[in-house]
$ cat target-v6.csv   # CSV, C-alpha atoms
chain,number,residue,atom,x,y,z
A,407,MET,CA,95.0,79.7,102.5
A,408,MET,CA,96.5,83.1,102.8
A,409,ARG,CA,98.3,82.2,106.0
A,410,ARG,CA,99.7,79.0,104.4
A,411,VAL,CA,101.0,81.1,101.5
A,412,SER,CA,102.5,83.6,103.9
A,413,ARG,CA,104.3,80.9,105.8
A,414,LEU,CA,105.6,79.1,102.8
A,415,LEU,CA,107.0,82.1,101.0
A,416,SER,CA,108.3,83.7,104.2
A,417,ALA,CA,110.1,80.5,105.1
A,418,PHE,CA,111.6,80.2,101.6
A,419,GLY,CA,112.7,83.9,101.5
A,420,LEU,CA,114.1,83.6,105.0
A,421,ALA,CA,116.0,80.4,104.1
A,422,LEU,CA,117.6,82.0,101.1
A,423,MET,CA,118.6,85.1,103.1
A,424,ALA,CA,120.0,82.9,105.9
A,425,ALA,CA,122.0,80.8,103.4
A,426,GLY,CA,123.5,83.9,101.9
A,427,LEU,CA,124.3,85.3,105.3
A,428,VAL,CA,126.0,82.0,106.4
A,429,LEU,CA,128.0,82.0,103.1
A,430,ALA,CA,129.1,85.6,103.7
A,431,LEU,CA,130.2,84.7,107.3
A,432,VAL,CA,132.0,81.5,106.2
A,433,GLN,CA,133.8,83.4,103.4
A,434,GLY,CA,134.8,86.2,105.8
A,435,HIS,CA,132.8,88.8,103.9
A,436,ALA,CA,130.7,89.8,106.9
A,437,ALA,CA,133.7,91.3,108.6
A,438,ALA,CA,134.1,93.9,105.8
A,439,ASP,CA,132.1,97.1,105.5
A,440,PRO,CA,128.6,95.8,104.4
A,441,LEU,CA,128.0,98.9,102.4
A,442,ARG,CA,131.0,98.6,100.3
A,443,LEU,CA,130.8,95.0,99.3
A,444,GLY,CA,130.0,94.4,95.7
A,445,LEU,CA,126.9,92.6,94.5
A,446,GLN,CA,128.9,90.2,92.4
A,447,LEU,CA,129.4,88.0,95.5
A,448,ARG,CA,127.4,84.8,95.4
A,449,SER,CA,126.4,85.3,99.0
A,450,HIS,CA,124.9,88.6,98.1
A,451,ARG,CA,123.1,87.2,95.1
A,452,LEU,CA,121.5,84.6,97.4
A,453,MET,CA,120.5,87.2,99.9
A,454,LEU,CA,119.1,89.4,97.2
A,455,LEU,CA,117.0,86.5,95.9
A,456,GLY,CA,115.6,86.0,99.4
A,457,ILE,CA,114.8,89.7,99.6
A,458,GLY,CA,113.1,89.5,96.2
A,459,VAL,CA,110.9,86.6,97.4
A,460,LEU,CA,109.9,88.6,100.4
A,461,ALA,CA,109.2,91.6,98.2
A,462,VAL,CA,106.7,89.7,96.1
A,463,LEU,CA,105.0,88.1,99.0
A,464,PRO,CA,102.4,90.9,99.6
A,465,GLY,CA,101.5,90.7,95.9
A,466,VAL,CA,101.1,87.0,96.1
A,467,ARG,CA,98.8,87.4,99.1
A,468,VAL,CA,96.6,89.8,97.1
A,469,LEU,CA,96.5,87.4,94.3
A,470,VAL,CA,95.3,84.7,96.6
A,471,ALA,CA,92.7,87.0,97.9
A,472,MET,CA,91.6,87.8,94.4
A,473,SER,CA,91.3,84.1,93.6
A,474,TYR,CA,89.2,83.5,96.7
A,475,TYR,CA,86.9,86.4,95.9
A,476,THR,CA,86.5,85.2,92.3
A,477,ALA,CA,85.7,81.7,93.4
A,478,ALA,CA,83.2,83.0,95.9
A,479,ARG,CA,81.7,85.2,93.1
A,480,ARG,CA,82.4,88.4,95.1
A,481,LEU,CA,83.4,90.2,92.0
A,482,ALA,CA,83.6,93.7,93.4
A,483,GLU,CA,86.3,92.6,95.9
A,484,ALA,CA,88.0,90.5,93.2
A,485,LEU,CA,88.2,93.6,90.9
A,486,VAL,CA,89.6,95.7,93.8
A,487,ALA,CA,92.3,93.1,94.4
A,488,LEU,CA,93.1,93.0,90.7
A,489,VAL,CA,93.7,96.8,90.7
A,490,VAL,CA,96.1,96.5,93.6
A,491,VAL,CA,98.0,93.7,91.8
A,492,LEU,CA,98.3,95.8,88.7
A,493,GLU,CA,99.6,98.7,90.8
A,494,LEU,CA,102.2,96.4,92.3
A,495,VAL,CA,103.2,95.2,88.9
A,496,ALA,CA,103.5,98.8,87.7
A,497,SER,CA,105.7,99.6,90.7
A,498,MET,CA,108.0,96.7,89.7
A,499,VAL,CA,108.3,98.1,86.2
A,500,ALA,CA,108.9,101.7,87.4
A,501,LYS,CA,112.2,100.8,88.9
A,502,GLY,CA,113.4,104.4,89.3
B,980,MET,CA,129.9,90.8,113.3
B,981,THR,CA,129.0,93.2,116.1
B,982,LEU,CA,127.5,95.4,113.4
B,983,LEU,CA,125.3,92.6,112.2
B,984,LEU,CA,124.2,91.6,115.7
B,985,SER,CA,123.3,95.2,116.4
B,986,LEU,CA,121.3,95.4,113.2
B,987,PHE,CA,119.5,92.2,114.2
B,988,ALA,CA,118.7,93.6,117.6
B,989,SER,CA,117.3,96.8,116.1
B,990,GLY,CA,115.2,94.8,113.7
B,991,ALA,CA,113.9,92.7,116.6
B,992,VAL,CA,112.8,95.8,118.5
B,993,ALA,CA,111.1,97.3,115.4
B,994,GLY,CA,109.4,94.0,114.6
B,995,THR,CA,108.0,93.6,118.1
B,996,LEU,CA,106.7,97.2,118.3
B,997,GLY,CA,105.3,96.9,114.8
B,998,ALA,CA,103.4,93.8,115.5
B,999,LEU,CA,102.0,95.1,118.7
B,1000,LEU,CA,100.9,98.5,117.4
B,1001,GLY,CA,99.9,97.8,113.8
B,1002,LEU,CA,103.0,99.6,112.5
B,1003,GLY,CA,105.6,98.2,110.0
B,1004,GLY,CA,108.5,99.3,112.3
B,1005,GLY,CA,110.0,101.7,109.8
B,1006,ILE,CA,109.2,104.7,111.9
B,1007,PHE,CA,111.7,103.3,114.4
B,1008,LEU,CA,114.1,101.7,112.0
B,1009,VAL,CA,114.9,104.6,109.6
B,1010,PRO,CA,116.1,107.0,112.3
B,1011,VAL,CA,118.1,104.2,114.1
B,1012,LEU,CA,119.8,103.1,110.8
B,1013,THR,CA,120.7,106.7,110.0
B,1014,LEU,CA,121.6,108.0,113.4
B,1015,LEU,CA,123.1,105.0,115.1
B,1016,PHE,CA,124.5,103.1,112.1
B,1017,HIS,CA,125.2,106.1,110.0
B,1018,LEU,CA,123.7,104.6,106.9
B,1019,PRO,CA,122.9,106.9,104.0
B,1020,VAL,CA,119.2,107.9,104.2
B,1021,ARG,CA,118.2,106.2,101.0
B,1022,VAL,CA,119.9,102.9,102.0
B,1023,ALA,CA,118.1,103.2,105.4
B,1024,VAL,CA,114.8,103.7,103.6
B,1025,GLY,CA,115.3,100.8,101.2
B,1026,THR,CA,116.3,98.5,104.1
B,1027,SER,CA,113.3,99.7,106.1
B,1028,LEU,CA,110.9,98.9,103.3
B,1029,VAL,CA,112.0,95.3,103.2
B,1030,CYS,CA,111.7,95.1,107.0
B,1031,VAL,CA,108.2,96.5,106.9
B,1032,ILE,CA,107.3,93.6,104.6
B,1033,ALA,CA,109.0,91.2,107.0
B,1034,THR,CA,106.9,92.6,109.9
B,1035,SER,CA,103.7,92.1,107.9
B,1036,ALA,CA,104.7,88.6,106.8
B,1037,GLY,CA,105.8,87.6,110.3
B,1038,VAL,CA,102.5,88.7,111.8
B,1039,ALA,CA,100.5,87.0,109.0
B,1040,ALA,CA,102.4,83.7,109.4
B,1041,LEU,CA,101.7,83.5,113.1
B,1042,SER,CA,98.3,85.0,113.7
B,1043,SER,CA,94.9,83.3,113.4
B,1044,GLU,CA,93.5,83.4,109.9
B,1045,GLU,CA,94.2,87.0,108.8
B,1046,GLY,CA,94.4,87.9,112.5
B,1047,GLY,CA,91.2,89.9,112.5
B,1048,ALA,CA,92.1,92.0,109.5
B,1049,ASP,CA,89.3,93.4,107.4
B,1050,VAL,CA,90.8,92.3,104.1
B,1051,PRO,CA,88.1,93.9,101.7
B,1052,LEU,CA,88.7,97.2,103.5
B,1053,ALA,CA,92.4,96.8,103.3
B,1054,LEU,CA,92.3,96.2,99.6
B,1055,ARG,CA,90.1,99.1,98.9
B,1056,LEU,CA,92.3,101.5,100.8
B,1057,GLU,CA,95.4,100.0,99.2
B,1058,ILE,CA,94.3,101.2,95.8
B,1059,ALA,CA,95.1,104.8,97.0
B,1060,THR,CA,98.0,103.8,99.2
B,1061,ALA,CA,99.9,101.8,96.6
B,1062,ALA,CA,99.6,104.5,94.0
B,1063,GLY,CA,100.9,107.0,96.6
B,1064,ALA,CA,103.8,104.7,97.5
B,1065,VAL,CA,105.0,104.5,93.9
B,1066,ILE,CA,104.9,108.2,93.5
B,1067,GLY,CA,106.8,108.7,96.8
B,1068,GLY,CA,109.4,106.1,95.8
B,1069,VAL,CA,110.1,107.8,92.5
B,1070,VAL,CA,110.1,111.4,93.9
B,1071,GLY,CA,112.4,110.3,96.8
B,1072,ALA,CA,115.4,110.2,94.5
B,1073,PHE,CA,115.1,113.9,93.9
B,1074,VAL,CA,114.5,115.1,97.5
B,1075,PRO,CA,117.6,116.2,99.3
B,1076,ALA,CA,118.6,114.2,102.4
B,1077,ARG,CA,118.2,117.2,104.7
B,1078,VAL,CA,114.7,117.7,103.6
B,1079,LEU,CA,114.0,114.0,104.2
B,1080,SER,CA,115.4,114.4,107.8
B,1081,PHE,CA,113.0,117.4,108.4
B,1082,VAL,CA,110.0,115.6,107.0
B,1083,PHE,CA,110.9,112.5,109.0
B,1084,ALA,CA,111.2,114.5,112.2
B,1085,ALA,CA,107.7,116.1,111.6
B,1086,VAL,CA,106.2,112.6,111.0
B,1087,VAL,CA,107.9,111.2,114.1
B,1088,PHE,CA,106.4,114.0,116.2
B,1089,GLY,CA,103.1,113.3,114.6
B,1090,THR,CA,103.4,109.7,115.5
B,1091,ALA,CA,104.2,110.6,119.1
B,1092,ALA,CA,101.0,112.7,119.2
B,1093,TYR,CA,99.1,109.8,117.7
B,1094,THR,CA,100.3,107.3,120.3
B,1095,LEU,CA,99.5,109.8,123.1
B,1096,TYR,CA,96.0,110.1,121.6
B,1097,LYS,CA,95.6,106.3,121.6
B,1098,ALA,CA,96.8,106.1,125.2
B,1099,ALA,CA,94.4,108.7,126.5
B,1100,GLY,CA,91.7,106.5,127.9
B,1101,ARG,CA,90.4,105.1,124.6
B,1102,ALA,CA,89.7,101.4,124.2
B,1103,GLU,CA,93.0,99.9,123.3
B,1104,VAL,CA,91.9,96.7,121.6
B,1105,MET,CA,88.5,96.2,120.2
B,1106,TYR,CA,87.6,93.3,117.9
B,1107,SER,CA,84.1,93.5,116.6
B,1108,ARG,CA,82.5,92.7,113.2
B,1109,ASP,CA,79.6,94.9,114.0
B,1110,TYR,CA,80.6,98.0,112.1
B,1111,THR,CA,80.4,99.7,108.7
B,1112,PRO,CA,83.3,101.8,107.4
B,1113,ARG,CA,82.2,105.4,106.7
B,1114,ASN,CA,83.8,108.6,105.4
B,1115,TRP,CA,85.4,106.9,102.4
B,1116,VAL,CA,86.6,110.1,100.7
B,1117,PRO,CA,88.7,111.4,103.6
B,1118,GLY,CA,89.8,107.8,104.2
B,1119,PHE,CA,91.0,107.4,100.6
B,1120,SER,CA,92.7,110.8,100.7
B,1121,VAL,CA,94.6,110.1,103.9
B,1122,ALA,CA,95.5,106.6,102.6
B,1123,SER,CA,97.1,108.2,99.5
B,1124,LEU,CA,99.1,110.4,101.8
B,1125,ALA,CA,100.2,107.4,103.8
B,1126,GLY,CA,101.4,105.8,100.6
B,1127,VAL,CA,103.5,108.9,99.6
B,1128,VAL,CA,105.0,109.0,103.0
B,1129,SER,CA,105.8,105.3,102.8
B,1130,GLY,CA,107.6,105.7,99.5
B,1131,LEU,CA,109.5,108.8,100.6
B,1132,LEU,CA,110.5,107.7,104.1
B,1133,GLY,CA,110.6,103.9,104.0
B,1134,VAL,CA,107.8,103.4,106.5
B,1135,GLY,CA,104.7,101.3,106.1
B,1136,GLY,CA,102.4,104.2,107.0
B,1137,GLY,CA,100.6,102.3,109.8
B,1138,PHE,CA,100.8,105.3,112.1
B,1139,ILE,CA,98.6,107.1,109.6
B,1140,LYS,CA,96.4,104.2,108.6
B,1141,VAL,CA,95.4,103.0,112.1
B,1142,PRO,CA,94.1,106.4,113.3
B,1143,THR,CA,92.4,107.0,109.9
B,1144,MET,CA,90.5,103.7,110.1
B,1145,TYR,CA,89.7,104.1,113.8
B,1146,ALA,CA,89.0,107.8,114.1
B,1147,ILE,CA,87.7,108.7,110.7
B,1148,MET,CA,86.2,105.6,109.2
B,1149,GLY,CA,84.7,104.1,112.4
B,1150,VAL,CA,86.6,100.8,112.4
B,1151,PRO,CA,87.2,99.2,115.8
B,1152,LEU,CA,90.7,99.7,117.0
B,1153,GLY,CA,91.7,96.1,117.2
B,1154,VAL,CA,90.5,95.5,113.6
B,1155,ALA,CA,92.2,98.7,112.5
B,1156,THR,CA,95.5,97.5,113.9
B,1157,ALA,CA,95.2,94.1,112.4
B,1158,THR,CA,94.1,95.6,109.0
B,1159,SER,CA,97.1,98.0,109.1
B,1160,ASN,CA,99.4,95.0,109.7
B,1161,PHE,CA,98.0,93.5,106.5
B,1162,MET,CA,98.3,96.7,104.5
B,1163,VAL,CA,101.8,97.9,105.4
B,1164,GLY,CA,103.4,95.0,103.6
B,1165,ILE,CA,101.5,95.8,100.4
B,1166,THR,CA,102.3,99.5,100.7
B,1167,ALA,CA,106.0,98.8,101.2
B,1168,ALA,CA,106.1,96.4,98.3
B,1169,ALA,CA,104.7,99.1,96.1
B,1170,SER,CA,107.9,101.2,96.5
B,1171,VAL,CA,110.6,98.7,97.5
B,1172,PHE,CA,111.2,97.8,93.8
B,1173,VAL,CA,112.1,101.4,93.1
B,1174,TYR,CA,114.8,101.2,95.8
B,1175,LEU,CA,115.9,97.8,94.7
B,1176,GLY,CA,116.3,99.0,91.2
B,1177,ARG,CA,118.4,101.9,92.4
B,1178,GLY,CA,120.7,99.7,94.4
B,1179,ASP,CA,119.6,101.2,97.7
B,1180,VAL,CA,118.9,97.8,99.3
B,1181,ARG,CA,122.2,96.5,100.6
B,1182,PRO,CA,121.9,92.7,101.1
B,1183,LEU,CA,124.0,92.2,104.2
B,1184,VAL,CA,122.5,95.1,106.1
B,1185,THR,CA,119.0,94.2,105.0
B,1186,VAL,CA,119.2,90.5,105.8
B,1187,ALA,CA,120.6,91.1,109.3
B,1188,THR,CA,117.9,93.7,110.1
B,1189,ALA,CA,115.1,91.7,108.5
B,1190,GLY,CA,116.1,88.6,110.4
B,1191,GLY,CA,115.6,90.5,113.6
B,1192,VAL,CA,112.3,91.9,112.4
B,1193,PHE,CA,110.9,88.4,111.7
B,1194,LEU,CA,111.8,87.3,115.3
B,1195,GLY,CA,110.4,90.5,116.8
B,1196,ALA,CA,107.2,90.2,114.8
B,1197,ALA,CA,106.8,86.7,116.0
B,1198,LEU,CA,107.4,87.8,119.6
B,1199,GLY,CA,105.0,90.7,119.3
B,1200,THR,CA,102.3,88.4,117.9
B,1201,ILE,CA,102.7,85.9,120.7
B,1202,VAL,CA,102.7,88.4,123.6
B,1203,GLN,CA,100.1,90.7,122.1
B,1204,GLY,CA,97.3,89.5,124.4
B,1205,ARG,CA,99.5,89.5,127.5
B,1206,LEU,CA,101.1,92.9,127.7
B,1207,LYS,CA,99.5,96.2,128.6
B,1208,VAL,CA,99.9,98.0,125.3
B,1209,SER,CA,99.7,101.3,127.1
B,1210,TRP,CA,103.0,100.6,128.8
B,1211,LEU,CA,104.6,100.1,125.4
B,1212,ARG,CA,103.0,103.2,124.0
B,1213,TRP,CA,104.3,105.5,126.7
B,1214,GLY,CA,107.8,104.1,126.2
B,1215,LEU,CA,107.4,104.5,122.5
B,1216,VAL,CA,106.3,108.2,122.9
B,1217,LEU,CA,109.5,109.0,124.8
B,1218,LEU,CA,111.6,107.2,122.3
B,1219,MET,CA,109.9,109.0,119.4
B,1220,LEU,CA,110.5,112.4,121.0
B,1221,VAL,CA,114.2,111.6,121.3
B,1222,ILE,CA,114.4,110.3,117.7
B,1223,GLY,CA,112.5,113.3,116.4
B,1224,VAL,CA,114.8,115.8,118.1
B,1225,GLN,CA,117.8,113.9,116.8
B,1226,MET,CA,116.5,113.9,113.2
B,1227,LEU,CA,115.8,117.6,113.4
B,1228,LEU,CA,119.4,118.2,114.6
B,1229,LYS,CA,120.7,116.0,111.8
B,1230,GLY,CA,118.7,118.1,109.3
B,1231,PHE,CA,120.4,121.3,110.5
$ encode --input "target-v6.csv" --output "structure tokens"
Amino acid sequence: MMRRVSRLLSAFGLALMAAGLVLALVQGHAAADPLRLGLQLRSHRLMLLGIGVLAVLPGVRVLVAMSYYTAARRLAEALVALVVVLELVASMVAKG
Amino acid sequence: MTLLLSLFASGAVAGTLGALLGLGGGIFLVPVLTLLFHLPVRVAVGTSLVCVIATSAGVAALSSEEGGADVPLALRLEIATAAGAVIGGVVGAFVPARVLSFVFAAVVFGTAAYTLYKAAGRAEVMYSRDYTPRNWVPGFSVASLAGVVSGLLGVGGGFIKVPTMYAIMGVPLGVATATSNFMVGITAAASVFVYLGRGDVRPLVTVATAGGVFLGAALGTIVQGRLKVSWLRWGLVLLMLVIGVQMLLKGF
């Protein structure tokens, strides 16, 4: 189950990033300094979305593990997984 | 375009090495991004964190179910590591770039020592379920340190986690490597949002590098059973020594 989730989300994130990259290439933005390009470009928003999907993937995997342990009544492991999920959520909130 | 292809190639090397050795690849990527591509350190760190997640995801997508990772052990250690990573990510904004260079050089030299240790006649891959993790207090302590290092330097901390699990907690080396691959993605995810929020993740740079990492992780997973890992480790030691010296000089 976890491997399926990894494959699906990875593929989705990768597809978004690839779409953004192709758009950047087609629109000629890739030739410019990649550090100076602004984030208002649609290609960059697509890529950021893909990066965001990738960034949440580890948390989703832990959620899947938590569901599995809960269903298997391995409550100690489920609780540990819940703590890790809460830490990841806290990190999203503490955005520097 | 040449820049993007070079970033892709660097990511591929990092992903391959990461998949083979239980690392996220950041220990290779951050110096390469700063030294070869002259990216600001914080941008290199932000990019590397995304790529560490990509390595973990790539390995997870292609290996057998969880690839031998001890998921309960990974989650327990991640309680300490993820907390450390958030702290490292927040503190990283206030640490001068020179200091980061020195810290990174020290960590790189430590990594070289660790790979030499692994290459010195110990069993390189051992998969066994006949073990019980021990020494949880030092294990948790070092896992927290791995998290702080991850948040500060943009690495997954695998080069600390694998020897911790193997040498301190008594986990077979193959299981430790696979478990580390699972963990580094979670650790990087704990601090990547801090860098995303600060604008230190530049889309074009990150996508080009992460694309290479995915490919490299896939390659590393496929060839894992066919290559002599000791060959890679010796090559990596040499590379780490060169990178460590370069980062030291950059700090001065």
$ interface_residues --input "target-v6.csv" --of "chain A" --to "chain B" --cutoff "8 Å" --atoms "only C-alpha atoms" --output "JSON, numbers by chain"
{"A": [408, 409, 410, 412, 413, 416, 420, 423, 424, 427, 436, 437, 440, 441, 450, 453, 454, 457, 460, 461, 462, 463, 464, 465, 483, 486, 487, 489, 490, 493, 494, 497, 498, 500, 501, 502]}
$ closest_residue --input "target-v6.csv" --among "B:Val1216, B:Val1134, B:Ala1196, B:Ala1146" --to "B:Val1121" --atoms "only C-alpha atoms"
B:Ala1146
$ residues_near_point --input "target-v6.csv" --point "(98.4, 97.2, 112.4)" --cutoff "7 Å" --atoms "all atoms listed in the file" --output "PyMOL selection string"
chain B and resi 998+1000-1002+1137+1141+1155-1161
$ write_last_selection --input "target-v6.csv" --atoms "C-alpha atoms" --output "compact mmCIF listing (two decimals), keeping the file's coordinate frame"
# COMPACT_ATOMS: atom_id res chain seq x y z
CA ALA B 998 103.40 93.80 115.50
CA LEU B 1000 100.90 98.50 117.40
CA GLY B 1001 99.90 97.80 113.80
CA LEU B 1002 103.00 99.60 112.50
CA GLY B 1137 100.60 102.30 109.80
CA VAL B 1141 95.40 103.00 112.10
CA ALA B 1155 92.20 98.70 112.50
CA THR B 1156 95.50 97.50 113.90
CA ALA B 1157 95.20 94.10 112.40
CA THR B 1158 94.10 95.60 109.00
CA SER B 1159 97.10 98.00 109.10
CA ASN B 1160 99.40 95.00 109.70
CA PHE B 1161 98.00 93.50 106.50
$ closest_residue --input "target-v6.csv" --among "B:Leu1079, B:Gly1135, B:Gly1149, B:Ala1092" --to "B:Thr1111" --atoms "all atoms listed in the file"
B:Gly1149
$ atom_distance --input "target-v6.csv" --atom1 "atom CA of B:Gly1067" --atom2 "atom CA of B:Gly1136"
12.0 Å
$ residues_around --input "target-v6.csv" --residues "B:Ala1023" --least-positions-apart "6" --cutoff "7 Å" --atoms "only C-alpha atoms" --output "JSON list (two decimals) with C-alpha atoms, in the frame of the given file"
[["chain", "number", "residue", "atom", "x", "y", "z"],
["B", 1009, "VAL", "CA", 114.90, 104.60, 109.60],
["B", 1012, "LEU", "CA", 119.80, 103.10, 110.80],
["B", 1013, "THR", "CA", 120.70, 106.70, 110.00]]
$ atom_distance --input "target-v6.csv" --atom1 "atom CA of A:Arg480" --atom2 "atom CA of B:Met1144"
22.9 Å
